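Take a look at the structure set out below.
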Amino acid sequence: KDTLNALRYYQNKNSAYDFLGKKDSAMIINLKAANLFRKHGYDYDANIAFGCNYIYYIDNKNYPKAKEAFEAYQSTNYQGNTNYDDSKAFLLYEKGLYYMFMNNLNIAYTCLQQSFKFSKSYSNKCAATEGLAKYYTKTNNSALAAKYALLSSEYNDSSLYELRESQLQQMQAMYDYSRNQKLAKEAEYKAKQRLNTIYLIIISSCLILLSAVFCGALALLVTITMINPQYQSNAMLYILSKTTTVTSLADLQLGSELTADFEVIAKSKPVLD
(Lines give C-alpha, C1' and ligand atoms only; values in the text may rest on other atoms or scores of the structure.)
Protein backbone atom coordinates (compact mmCIF):
# COMPACT_ATOMS: atom_id res chain seq x y z
CA LYS A 1 0.00 0.00 0.00
CA ASP A 2 2.89 2.35 0.73
CA THR A 3 4.24 1.67 -2.76
CA LEU A 4 0.84 2.45 -4.30
CA ASN A 5 0.53 5.73 -2.40
CA ALA A 6 4.08 6.72 -3.34
CA LEU A 7 3.37 6.06 -7.03
CA ARG A 8 0.10 8.01 -6.89
CA TYR A 9 1.92 10.90 -5.27
CA TYR A 10 4.49 10.83 -8.06
CA GLN A 11 1.84 10.65 -10.77
CA ASN A 12 -0.05 13.62 -9.27
CA LYS A 13 2.98 15.81 -9.98
CA ASN A 14 1.78 16.00 -13.58
CA SER A 15 -0.83 18.54 -12.45
CA ALA A 16 1.87 20.98 -11.41
CA TYR A 17 3.67 20.70 -14.75
CA ASP A 18 0.37 21.04 -16.61
CA PHE A 19 -0.44 24.20 -14.63
CA LEU A 20 2.96 25.63 -15.55
CA GLY A 21 2.33 24.86 -19.21
CA LYS A 22 4.99 22.12 -19.36
CA LYS A 23 2.75 19.57 -21.02
CA ASP A 24 5.63 17.43 -22.30
CA SER A 25 6.94 16.99 -18.74
CA ALA A 26 3.43 16.15 -17.51
CA MET A 27 3.07 13.54 -20.25
CA ILE A 28 6.44 11.96 -19.38
CA ILE A 29 5.46 11.70 -15.69
CA ASN A 30 2.19 9.98 -16.64
CA LEU A 31 4.03 7.47 -18.85
CA LYS A 32 6.63 6.68 -16.17
CA ALA A 33 3.92 6.35 -13.52
CA ALA A 34 1.89 4.03 -15.79
CA ASN A 35 4.90 1.77 -16.31
CA LEU A 36 5.63 1.66 -12.57
CA PHE A 37 1.99 0.95 -11.70
CA ARG A 38 1.92 -1.91 -14.20
CA LYS A 39 5.27 -3.26 -12.94
CA HIS A 40 3.84 -3.60 -9.40
CA GLY A 41 0.54 -5.05 -10.57
CA TYR A 42 -1.66 -1.95 -10.26
CA ASP A 43 -3.29 -2.15 -13.70
CA TYR A 44 -6.23 0.10 -12.80
CA ASP A 45 -3.95 2.99 -11.79
CA ALA A 46 -1.70 2.27 -14.78
CA ASN A 47 -4.62 2.75 -17.18
CA ILE A 48 -5.63 6.00 -15.47
CA ALA A 49 -2.05 7.35 -15.60
CA PHE A 50 -1.62 6.45 -19.26
CA GLY A 51 -5.18 7.54 -20.10
CA CYS A 52 -4.54 11.03 -18.70
CA ASN A 53 -2.24 11.58 -21.68
CA TYR A 54 -4.99 11.40 -24.31
CA ILE A 55 -5.61 15.15 -24.02
CA TYR A 56 -1.90 15.81 -24.67
CA TYR A 57 -1.94 13.48 -27.66
CA ILE A 58 -4.91 15.45 -29.00
CA ASP A 59 -2.87 18.68 -28.70
CA ASN A 60 -0.03 16.94 -30.57
CA LYS A 61 -2.51 15.59 -33.14
CA ASN A 62 -1.30 12.06 -32.49
CA TYR A 63 -4.40 10.10 -33.53
CA PRO A 64 -3.27 6.52 -32.68
CA LYS A 65 -1.88 7.40 -29.24
CA ALA A 66 -4.89 9.57 -28.39
CA LYS A 67 -7.22 6.67 -29.24
CA GLU A 68 -5.14 4.18 -27.24
CA ALA A 69 -4.91 6.44 -24.19
CA PHE A 70 -8.61 7.33 -24.31
CA GLU A 71 -9.68 3.69 -24.49
CA ALA A 72 -7.41 2.86 -21.53
CA TYR A 73 -8.97 5.75 -19.62
CA GLN A 74 -12.52 4.68 -20.50
CA SER A 75 -11.84 1.11 -19.40
CA THR A 76 -11.41 2.24 -15.78
CA ASN A 77 -14.79 4.03 -15.65
CA TYR A 78 -12.96 6.70 -13.62
CA GLN A 79 -15.33 9.44 -12.37
CA GLY A 80 -12.67 11.96 -11.43
CA ASN A 81 -11.56 13.44 -8.13
CA THR A 82 -14.54 13.33 -5.77
CA ASN A 83 -13.06 16.23 -3.77
CA TYR A 84 -13.41 18.48 -6.84
CA ASP A 85 -16.97 19.76 -7.41
CA ASP A 86 -16.50 20.22 -11.14
CA SER A 87 -14.80 16.87 -11.69
CA LYS A 88 -17.67 15.43 -13.75
CA ALA A 89 -17.97 18.58 -15.89
CA PHE A 90 -14.22 18.64 -16.53
CA LEU A 91 -14.17 14.98 -17.63
CA LEU A 92 -17.09 15.60 -20.00
CA TYR A 93 -15.22 18.57 -21.50
CA GLU A 94 -12.12 16.44 -22.14
CA LYS A 95 -14.24 13.66 -23.66
CA GLY A 96 -15.92 16.24 -25.90
CA LEU A 97 -12.53 17.38 -27.16
CA TYR A 98 -11.52 13.79 -27.86
CA TYR A 99 -14.69 12.96 -29.81
CA MET A 100 -14.39 16.21 -31.75
CA PHE A 101 -10.79 15.31 -32.58
CA MET A 102 -12.04 11.93 -33.79
CA ASN A 103 -14.73 13.73 -35.86
CA ASN A 104 -17.51 12.08 -33.84
CA LEU A 105 -19.30 15.43 -33.64
CA ASN A 106 -22.66 14.30 -32.23
CA ILE A 107 -21.11 12.72 -29.14
CA ALA A 108 -18.68 15.65 -28.88
CA TYR A 109 -21.58 18.13 -28.84
CA THR A 110 -23.46 16.11 -26.19
CA CYS A 111 -20.40 15.92 -23.93
CA LEU A 112 -19.65 19.65 -24.28
CA GLN A 113 -23.26 20.65 -23.63
CA GLN A 114 -23.41 18.46 -20.51
CA SER A 115 -20.08 19.84 -19.35
CA PHE A 116 -21.44 23.38 -19.71
CA LYS A 117 -24.62 22.38 -17.88
CA PHE A 118 -22.85 20.75 -14.92
CA SER A 119 -20.07 23.34 -14.62
CA LYS A 120 -20.06 25.38 -11.43
CA SER A 121 -16.80 27.29 -11.71
CA TYR A 122 -16.12 30.02 -14.23
CA SER A 123 -12.97 28.23 -15.38
CA ASN A 124 -14.91 25.11 -16.40
CA LYS A 125 -17.65 27.19 -18.01
CA CYS A 126 -14.94 28.99 -19.95
CA ALA A 127 -13.49 25.66 -21.15
CA ALA A 128 -16.90 24.20 -22.06
CA THR A 129 -18.01 27.27 -24.05
CA GLU A 130 -14.63 27.37 -25.79
CA GLY A 131 -15.15 23.74 -26.78
CA LEU A 132 -18.65 24.55 -28.09
CA ALA A 133 -17.23 27.48 -30.07
CA LYS A 134 -14.76 25.07 -31.71
CA TYR A 135 -17.60 22.64 -32.39
CA TYR A 136 -19.72 25.28 -34.12
CA THR A 137 -16.70 26.48 -36.04
CA LYS A 138 -16.14 22.92 -37.24
CA THR A 139 -19.81 22.63 -38.26
CA ASN A 140 -19.65 26.01 -40.08
CA ASN A 141 -22.14 27.75 -37.75
CA SER A 142 -20.35 31.08 -37.43
CA ALA A 143 -23.10 32.83 -35.45
CA LEU A 144 -23.14 30.28 -32.63
CA ALA A 145 -19.35 29.98 -32.82
CA ALA A 146 -19.08 33.75 -32.20
CA LYS A 147 -21.67 33.57 -29.43
CA TYR A 148 -19.86 30.85 -27.49
CA ALA A 149 -16.48 32.44 -28.16
CA LEU A 150 -17.79 35.65 -26.57
CA LEU A 151 -19.23 33.68 -23.63
CA SER A 152 -15.91 31.92 -23.19
CA SER A 153 -14.12 35.28 -23.08
CA GLU A 154 -16.56 36.58 -20.46
CA TYR A 155 -16.22 33.44 -18.33
CA ASN A 156 -12.46 33.69 -18.66
CA ASP A 157 -12.55 37.26 -17.28
CA SER A 158 -14.84 36.10 -14.47
CA SER A 159 -12.52 33.16 -13.81
CA LEU A 160 -9.53 35.49 -13.52
CA TYR A 161 -11.50 37.75 -11.17
CA GLU A 162 -12.57 34.70 -9.14
CA LEU A 163 -8.96 33.54 -9.04
CA ARG A 164 -7.77 36.94 -7.84
CA GLU A 165 -10.50 36.98 -5.20
CA SER A 166 -9.48 33.51 -4.08
CA GLN A 167 -5.82 34.52 -3.93
CA LEU A 168 -6.69 37.63 -1.92
CA GLN A 169 -8.75 35.53 0.48
CA GLN A 170 -5.87 33.09 0.84
CA MET A 171 -3.44 35.94 1.50
CA GLN A 172 -5.85 37.45 4.04
CA ALA A 173 -6.26 34.06 5.71
CA MET A 174 -2.48 33.61 5.86
CA TYR A 175 -2.08 37.11 7.32
CA ASP A 176 -4.83 36.51 9.89
CA TYR A 177 -3.29 33.16 10.82
CA SER A 178 0.15 34.72 11.21
CA ARG A 179 -1.27 37.61 13.24
CA ASN A 180 -3.29 35.30 15.48
CA GLN A 181 -0.21 33.15 16.00
CA LYS A 182 1.77 36.23 17.03
CA LEU A 183 -0.98 37.41 19.39
CA ALA A 184 -1.24 33.93 20.89
CA LYS A 185 2.52 33.81 21.49
CA GLU A 186 2.46 37.28 23.07
CA ALA A 187 -0.45 36.31 25.33
CA GLU A 188 1.34 33.09 26.30
CA TYR A 189 4.53 35.04 27.06
CA LYS A 190 2.65 37.59 29.20
CA ALA A 191 0.87 34.79 31.07
CA LYS A 192 4.23 33.13 31.80
CA GLN A 193 5.64 36.47 32.96
CA ARG A 194 2.71 37.01 35.34
CA LEU A 195 3.04 33.48 36.66
CA ASN A 196 6.78 33.93 37.20
CA THR A 197 6.13 37.22 39.01
CA ILE A 198 3.60 35.52 41.32
CA TYR A 199 6.07 32.71 42.01
CA LEU A 200 8.81 35.27 42.75
CA ILE A 201 6.58 37.17 45.19
CA ILE A 202 5.57 33.97 46.99
CA ILE A 203 9.17 32.72 47.23
CA SER A 204 10.45 36.15 48.38
CA SER A 205 7.75 36.36 51.05
CA CYS A 206 8.60 32.88 52.29
CA LEU A 207 12.30 33.74 52.40
CA ILE A 208 11.64 36.97 54.30
CA LEU A 209 9.42 35.12 56.80
CA LEU A 210 11.97 32.35 57.26
CA SER A 211 14.74 34.93 57.68
CA ALA A 212 12.73 36.76 60.35
CA VAL A 213 12.03 33.51 62.22
CA PHE A 214 15.67 32.44 61.95
CA CYS A 215 16.97 35.80 63.18
CA GLY A 216 14.49 35.84 66.06
CA ALA A 217 15.46 32.30 67.08
CA LEU A 218 19.17 33.16 66.80
CA ALA A 219 18.72 36.30 68.93
CA LEU A 220 16.81 34.32 71.55
CA LEU A 221 19.51 31.63 71.60
CA VAL A 222 22.32 34.20 71.99
CA THR A 223 20.39 36.01 74.73
CA ILE A 224 19.81 32.81 76.69
CA THR A 225 23.26 31.25 76.35
CA MET A 226 25.74 34.15 76.10
CA ILE A 227 24.34 37.23 77.91
CA ASN A 228 24.08 37.39 81.71
CA PRO A 229 20.82 38.90 82.92
CA GLN A 230 21.06 42.37 84.54
CA TYR A 231 18.52 43.92 86.88
CA GLN A 232 18.04 47.44 88.13
CA SER A 233 15.87 48.78 90.91
CA ASN A 234 15.37 52.09 92.68
CA ALA A 235 14.67 52.66 96.36
CA MET A 236 13.96 55.77 98.41
CA LEU A 237 14.32 55.82 102.20
CA TYR A 238 13.21 58.51 104.63
CA ILE A 239 14.72 58.29 108.14
CA LEU A 240 13.21 60.55 110.79
CA SER A 241 13.11 60.70 114.52
CA LYS A 242 10.22 59.41 116.51
CA THR A 243 8.12 62.31 115.43
CA THR A 244 7.16 62.90 111.81
CA THR A 245 8.50 66.44 111.87
CA VAL A 246 12.04 67.74 111.74
CA THR A 247 12.50 69.73 114.98
CA SER A 248 16.25 70.23 115.16
CA LEU A 249 19.51 70.17 113.24
CA ALA A 250 20.41 67.00 115.14
CA ASP A 251 17.53 65.16 113.47
CA LEU A 252 18.82 66.10 110.02
CA GLN A 253 22.36 65.04 110.79
CA LEU A 254 21.14 61.72 112.18
CA GLY A 255 19.06 61.06 109.04
CA SER A 256 22.04 61.76 106.76
CA GLU A 257 24.31 59.40 108.67
CA LEU A 258 21.73 56.59 108.76
CA THR A 259 21.09 57.03 105.01
CA ALA A 260 24.72 56.35 104.21
CA ASP A 261 24.66 53.26 106.37
CA PHE A 262 21.51 51.92 104.70
CA GLU A 263 22.98 52.59 101.26
CA VAL A 264 25.91 50.35 102.08
CA ILE A 265 23.62 47.66 103.42
CA ALA A 266 21.36 47.81 100.31
CA LYS A 267 24.35 47.29 97.96
CA SER A 268 25.80 44.39 99.91
CA LYS A 269 25.92 40.91 98.26
CA PRO A 270 23.36 39.20 100.54
CA VAL A 271 20.76 41.80 99.67
CA LEU A 272 21.47 41.62 95.90
CA ASP A 273 21.27 37.82 95.86
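How things are named: the first chain in the C-alpha coordinates is A, the next is B, and so on; residues count from 1 in each chain; ligands count from 1 in the order shown.
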Can you list every residue of range 88-118 of chain A that has an atom at most 7 Å from range 39-61 of chain A, with its nearest atom pair and the distance in Å to one decimal, using only C-alpha atoms, ordered by chain then number, as JSON lines?
```
{"residue": "A:Glu94", "atom": "CA", "partner": "A:Ile55", "partner_atom": "CA", "distance": 6.9}
{"residue": "A:Tyr98", "atom": "CA", "partner": "A:Ile58", "partner_atom": "CA", "distance": 6.9}
{"residue": "A:Phe101", "atom": "CA", "partner": "A:Ile58", "partner_atom": "CA", "distance": 6.9}
```
Store the residues picked out above in a file with N, CA and C atoms, as a short mmCIF file (atom, residue, chain, number, x, y, z; two decimals), in the first residue's frame.
```cif
data_model
loop_
_atom_site.label_atom_id
_atom_site.label_comp_id
_atom_site.auth_asym_id
_atom_site.auth_seq_id
_atom_site.Cartn_x
_atom_site.Cartn_y
_atom_site.Cartn_z
N GLU A 94 -13.25 17.12 -21.49
CA GLU A 94 -12.12 16.44 -22.14
C GLU A 94 -12.61 15.36 -23.11
N TYR A 98 -12.00 15.02 -27.21
CA TYR A 98 -11.52 13.79 -27.86
C TYR A 98 -12.44 13.40 -29.02
N PHE A 101 -12.03 15.62 -31.89
CA PHE A 101 -10.79 15.31 -32.58
C PHE A 101 -10.95 14.09 -33.47
#
```
Worksheet item: Among range 35-65 of chain A, which ones does DSSP place in helix (DSSP H, G or I), written as number ranges by chain?
Response: A: 35-39, 43-51, 54-59, 63-65
Worksheet entry | A:Asn104, A:Thr223, A:Ser119, A:Thr129 ranked by distance to Ala149 in chain A, top pick (using only C-alpha atoms) |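 For Ala149 in chain A, the nearest of the candidates is A:Thr129.
If you measure from each of A:Phe70, A:Tyr122, A:Phe214, A:Tyr63 to Tyr155 in chain A using only C-alpha atoms, the closest one turns out to be A:Tyr122.
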Worksheet item: What separation in Å, quoted to one decimal, exists between CA of Ile29 in chain A and CA of Gln11 in chain A?
Response: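 Distance between the two atoms: 6.2 Å.
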Item to complete: Grab the CA of Asp85 in chain A to CA of Phe116 in chain A distance for me, in Å with one decimal place.
Response: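 We find that CA of Asp85 in chain A and CA of Phe116 in chain A lie 13.6 Å from each other.
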Fill in: Ala26 in chain A environment, 7 Å, only C-alpha atoms, sequence neighbours closer than 5 positions dropped, as a PyMOL selection string
chain A and resi 14+17-18
Would you put the residues from that selection into a file with N, CA and C atoms, as a CSV table (one decimal), in the first residue's frame?
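What follows is the written file part.csv:
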```csv
chain,number,residue,atom,x,y,z
A,14,ASN,N,2.1,15.5,-12.2
A,14,ASN,CA,1.8,16.0,-13.6
A,14,ASN,C,0.9,17.2,-13.6
A,17,TYR,N,3.1,20.4,-13.5
A,17,TYR,CA,3.7,20.7,-14.7
A,17,TYR,C,2.6,21.2,-15.8
A,18,ASP,N,1.4,20.6,-15.7
A,18,ASP,CA,0.4,21.0,-16.6
A,18,ASP,C,0.0,22.5,-16.3
```
